[in-house]
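Beneath this line is the structure, given in structure tokens, with notes to follow.
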Amino acid sequence: MFARKDRSFVSASDEFKPHKLAGSEVKKLYQQLYNYQNLKQAYLVQKVVKYFPEKPFYVMGVERHRGWFELDSARHDNSLIDRLANEVQFPGNAYIIILNNNRNNIAKKLRKVEQSAIYPG
């Protein structure tokens with residue numbers, strides 16, 4: 001129960017560390033992300049979790065291209081998250097967050113983690 005709660009959300013108060021994936025695994029993720037034309041940038045880290053730390057919990061923060069005419073960005077953000085969650089094969093459990101207009105500094109924290117930028121790289 002506590003482990004599930006620990007892995008059910010991501011906030012700016014969380015601690016993050018490098019993803020520690022092999023180069024071949026990062027390359028596989030890159031190749032999958034390449035298929036999303038509206039994807040601008042992607043960062044991958046591990047959230048430091050209290051329960052079962054031996055089971056990595058990945059956080060992927062993505063920035064997407066937005067058109068100046070876009071009226072319903074939340075709907076497009078949610079659509080991208082759904083597609084990534086259902087189509088991309090992660091090496092474990094992952095939480096996906098859109099970083100555009102992220103007001104709680106998660107984007108800044110993810111960018112600071114060593115080797116977090118996985119796309120475009």
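Scheme for the structure tokens: letters A, B, ... for chains in order shown; per-chain residue numbers from 1; ligand numbers from 1 in order shown.
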Show which residues sit within 9 Å of A:Ala94, as a ChimeraX atom specification. Count only C-alpha atoms, and ignore same-chain residues fewer than 4 positions away.
/A:7,46,56-60,85,90
So that I can check the surroundings of A:Val48, please list as a list in words every protein, DNA and RNA residue that reaches within 8 Å of it, counting only C-alpha atoms and ignoring chain neighbours fewer than 2 positions away.
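Residues meeting the cut-off are Asp14, Glu15, Phe16, Lys17, Gln46, Lys50, Pro53 and Phe57 of chain A.
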Same residues, all heavy atoms, output as a PDB file, in the first residue's frame:
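The resulting file, result.pdb, is reproduced below:
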ATOM      1  N   ASP A  14      10.109  15.776  -4.552  1.00  0.00           N
ATOM      2  CA  ASP A  14      10.730  14.458  -4.662  1.00  0.00           C
ATOM      3  C   ASP A  14      12.218  14.592  -4.964  1.00  0.00           C
ATOM      4  O   ASP A  14      12.676  15.597  -5.509  1.00  0.00           O
ATOM      5  CB  ASP A  14      10.074  13.637  -5.784  1.00  0.00           C
ATOM      6  CG  ASP A  14       8.664  13.203  -5.433  1.00  0.00           C
ATOM      7  OD1 ASP A  14       8.383  12.986  -4.236  1.00  0.00           O
ATOM      8  OD2 ASP A  14       7.841  13.082  -6.351  1.00  0.00           O
ATOM      9  N   GLU A  15      12.935  13.543  -4.650  1.00  0.00           N
ATOM     10  CA  GLU A  15      14.359  13.478  -4.960  1.00  0.00           C
ATOM     11  C   GLU A  15      14.518  12.563  -6.173  1.00  0.00           C
ATOM     12  O   GLU A  15      13.875  11.516  -6.270  1.00  0.00           O
ATOM     13  CB  GLU A  15      15.123  12.909  -3.768  1.00  0.00           C
ATOM     14  CG  GLU A  15      16.618  12.916  -3.936  1.00  0.00           C
ATOM     15  CD  GLU A  15      17.344  12.343  -2.723  1.00  0.00           C
ATOM     16  OE1 GLU A  15      16.739  12.220  -1.651  1.00  0.00           O
ATOM     17  OE2 GLU A  15      18.541  12.005  -2.881  1.00  0.00           O
ATOM     18  N   PHE A  16      15.385  12.970  -7.110  1.00  0.00           N
ATOM     19  CA  PHE A  16      15.609  12.204  -8.324  1.00  0.00           C
ATOM     20  C   PHE A  16      17.083  11.865  -8.452  1.00  0.00           C
ATOM     21  O   PHE A  16      17.939  12.595  -7.961  1.00  0.00           O
ATOM     22  CB  PHE A  16      15.149  13.002  -9.549  1.00  0.00           C
ATOM     23  CG  PHE A  16      13.707  13.409  -9.491  1.00  0.00           C
ATOM     24  CD1 PHE A  16      13.354  14.713  -9.200  1.00  0.00           C
ATOM     25  CD2 PHE A  16      12.707  12.484  -9.702  1.00  0.00           C
ATOM     26  CE1 PHE A  16      12.030  15.097  -9.134  1.00  0.00           C
ATOM     27  CE2 PHE A  16      11.372  12.850  -9.644  1.00  0.00           C
ATOM     28  CZ  PHE A  16      11.030  14.162  -9.354  1.00  0.00           C
ATOM     29  N   LYS A  17      17.356  10.755  -9.132  1.00  0.00           N
ATOM     30  CA  LYS A  17      18.734  10.329  -9.373  1.00  0.00           C
ATOM     31  C   LYS A  17      18.843   9.829 -10.818  1.00  0.00           C
ATOM     32  O   LYS A  17      17.824   9.617 -11.478  1.00  0.00           O
ATOM     33  CB  LYS A  17      19.151   9.261  -8.370  1.00  0.00           C
ATOM     34  CG  LYS A  17      18.367   7.958  -8.459  1.00  0.00           C
ATOM     35  CD  LYS A  17      18.808   6.987  -7.373  1.00  0.00           C
ATOM     36  CE  LYS A  17      18.064   5.668  -7.483  1.00  0.00           C
ATOM     37  NZ  LYS A  17      18.508   4.709  -6.466  1.00  0.00           N
ATOM     38  N   GLN A  46      15.315   8.449 -12.210  1.00  0.00           N
ATOM     39  CA  GLN A  46      14.650   7.579 -11.239  1.00  0.00           C
ATOM     40  C   GLN A  46      14.202   8.439 -10.070  1.00  0.00           C
ATOM     41  O   GLN A  46      14.947   9.318  -9.623  1.00  0.00           O
ATOM     42  CB  GLN A  46      15.612   6.517 -10.697  1.00  0.00           C
ATOM     43  CG  GLN A  46      15.811   5.326 -11.566  1.00  0.00           C
ATOM     44  CD  GLN A  46      16.570   4.238 -10.819  1.00  0.00           C
ATOM     45  OE1 GLN A  46      16.205   3.844  -9.712  1.00  0.00           O
ATOM     46  NE2 GLN A  46      17.647   3.755 -11.425  1.00  0.00           N
ATOM     47  N   LYS A  50      11.027   5.225  -1.115  1.00  0.00           N
ATOM     48  CA  LYS A  50      11.271   4.718   0.233  1.00  0.00           C
ATOM     49  C   LYS A  50      11.072   3.199   0.308  1.00  0.00           C
ATOM     50  O   LYS A  50      11.826   2.506   0.962  1.00  0.00           O
ATOM     51  CB  LYS A  50      10.307   5.433   1.184  1.00  0.00           C
ATOM     52  CG  LYS A  50      10.558   5.224   2.637  1.00  0.00           C
ATOM     53  CD  LYS A  50       9.645   6.123   3.452  1.00  0.00           C
ATOM     54  CE  LYS A  50       9.863   5.972   4.924  1.00  0.00           C
ATOM     55  NZ  LYS A  50       8.979   6.853   5.701  1.00  0.00           N
ATOM     56  N   PRO A  53      13.295   0.136  -2.908  1.00  0.00           N
ATOM     57  CA  PRO A  53      14.191   0.951  -3.740  1.00  0.00           C
ATOM     58  C   PRO A  53      14.946   0.129  -4.785  1.00  0.00           C
ATOM     59  O   PRO A  53      15.444   0.680  -5.755  1.00  0.00           O
ATOM     60  CB  PRO A  53      15.142   1.584  -2.728  1.00  0.00           C
ATOM     61  CG  PRO A  53      15.103   0.688  -1.543  1.00  0.00           C
ATOM     62  CD  PRO A  53      13.712   0.111  -1.517  1.00  0.00           C
ATOM     63  N   PHE A  57      11.808   3.152 -10.115  1.00  0.00           N
ATOM     64  CA  PHE A  57      10.599   3.856 -10.542  1.00  0.00           C
ATOM     65  C   PHE A  57      11.071   5.033 -11.378  1.00  0.00           C
ATOM     66  O   PHE A  57      11.642   5.983 -10.873  1.00  0.00           O
ATOM     67  CB  PHE A  57       9.790   4.334  -9.332  1.00  0.00           C
ATOM     68  CG  PHE A  57       8.542   5.072  -9.704  1.00  0.00           C
ATOM     69  CD1 PHE A  57       7.560   4.483 -10.469  1.00  0.00           C
ATOM     70  CD2 PHE A  57       8.346   6.376  -9.290  1.00  0.00           C
ATOM     71  CE1 PHE A  57       6.402   5.166 -10.814  1.00  0.00           C
ATOM     72  CE2 PHE A  57       7.196   7.080  -9.631  1.00  0.00           C
ATOM     73  CZ  PHE A  57       6.230   6.466 -10.393  1.00  0.00           C
TER      74      PHE A  57
END
Of the candidates A:Tyr30, A:Tyr36, A:Tyr43, A:Phe52, which shows the shortest atom-to-atom distance to A:Gln89, using only C-alpha atoms?
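Ranked by minimum distance to A:Gln89, first place goes to A:Tyr30.
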Helix (DSSP H, G or I) call set, DSSP backbone run, chain A, as a PDB file with C-alpha atoms, in the first residue's frame:
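The result, written out as part23.pdb:
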ATOM      1  CA  PHE A   2       2.712   2.500   0.987  1.00  0.00           C
ATOM      2  CA  ALA A   3       4.886   1.466  -1.955  1.00  0.00           C
ATOM      3  CA  ARG A   4       1.998   2.102  -4.359  1.00  0.00           C
ATOM      4  CA  LYS A   5       1.422   5.548  -2.865  1.00  0.00           C
ATOM      5  CA  ASP A   6       5.140   6.324  -3.128  1.00  0.00           C
ATOM      6  CA  GLY A  23      23.394   2.762 -23.458  1.00  0.00           C
ATOM      7  CA  SER A  24      21.511   0.121 -25.448  1.00  0.00           C
ATOM      8  CA  GLU A  25      18.374   0.639 -23.325  1.00  0.00           C
ATOM      9  CA  VAL A  26      18.558   4.418 -23.763  1.00  0.00           C
ATOM     10  CA  LYS A  27      18.976   3.886 -27.502  1.00  0.00           C
ATOM     11  CA  LYS A  28      15.817   1.717 -27.582  1.00  0.00           C
ATOM     12  CA  LEU A  29      13.865   4.451 -25.812  1.00  0.00           C
ATOM     13  CA  TYR A  30      15.260   7.085 -28.188  1.00  0.00           C
ATOM     14  CA  GLN A  31      14.213   5.024 -31.206  1.00  0.00           C
ATOM     15  CA  GLN A  32      10.686   4.673 -29.828  1.00  0.00           C
ATOM     16  CA  LEU A  33      10.407   8.384 -29.004  1.00  0.00           C
ATOM     17  CA  SER A  73      -3.212  22.181 -24.793  1.00  0.00           C
ATOM     18  CA  ALA A  74      -4.314  20.094 -21.786  1.00  0.00           C
ATOM     19  CA  ARG A  75      -6.186  17.694 -24.068  1.00  0.00           C
ATOM     20  CA  HIS A  76      -3.136  17.381 -26.343  1.00  0.00           C
ATOM     21  CA  ASP A  77      -0.861  16.903 -23.307  1.00  0.00           C
ATOM     22  CA  ASN A  78      -3.065  14.123 -21.944  1.00  0.00           C
ATOM     23  CA  SER A  79      -3.268  12.477 -25.348  1.00  0.00           C
ATOM     24  CA  LEU A  80       0.536  12.404 -25.613  1.00  0.00           C
ATOM     25  CA  ILE A  81       0.892  10.992 -22.091  1.00  0.00           C
ATOM     26  CA  ASP A  82      -1.635   8.243 -22.904  1.00  0.00           C
ATOM     27  CA  ARG A  83       0.118   7.356 -26.152  1.00  0.00           C
ATOM     28  CA  LEU A  84       3.552   7.246 -24.523  1.00  0.00           C
ATOM     29  CA  ALA A  85       2.271   5.161 -21.606  1.00  0.00           C
ATOM     30  CA  ASN A  86       0.583   2.651 -23.914  1.00  0.00           C
ATOM     31  CA  GLU A  87       3.113   2.488 -26.745  1.00  0.00           C
ATOM     32  CA  ILE A 106      10.071  19.592 -11.753  1.00  0.00           C
ATOM     33  CA  ALA A 107      11.496  20.415 -15.188  1.00  0.00           C
ATOM     34  CA  LYS A 108      14.420  22.252 -13.615  1.00  0.00           C
ATOM     35  CA  LYS A 109      15.106  19.352 -11.249  1.00  0.00           C
ATOM     36  CA  LEU A 110      14.990  16.740 -14.018  1.00  0.00           C
ATOM     37  CA  ARG A 111      17.369  18.727 -16.230  1.00  0.00           C
ATOM     38  CA  LYS A 112      19.925  18.909 -13.409  1.00  0.00           C
TER      39      LYS A 112
END
Just the number, please: distance in Å from atom CA of A:Asn35 to atom CA of A:Ser8, one decimal.
27.0 Å
Could you jot down the atom CA of A:Asn38 to atom CA of A:Asn104 separation for me, Å, one decimal place?
22.9 Å
Chain A: residues DSSP assigns to strand (DSSP E or B), reported as a PyMOL selection string
chain A and resi 16-18+39-47+57-64+93-98+117-119
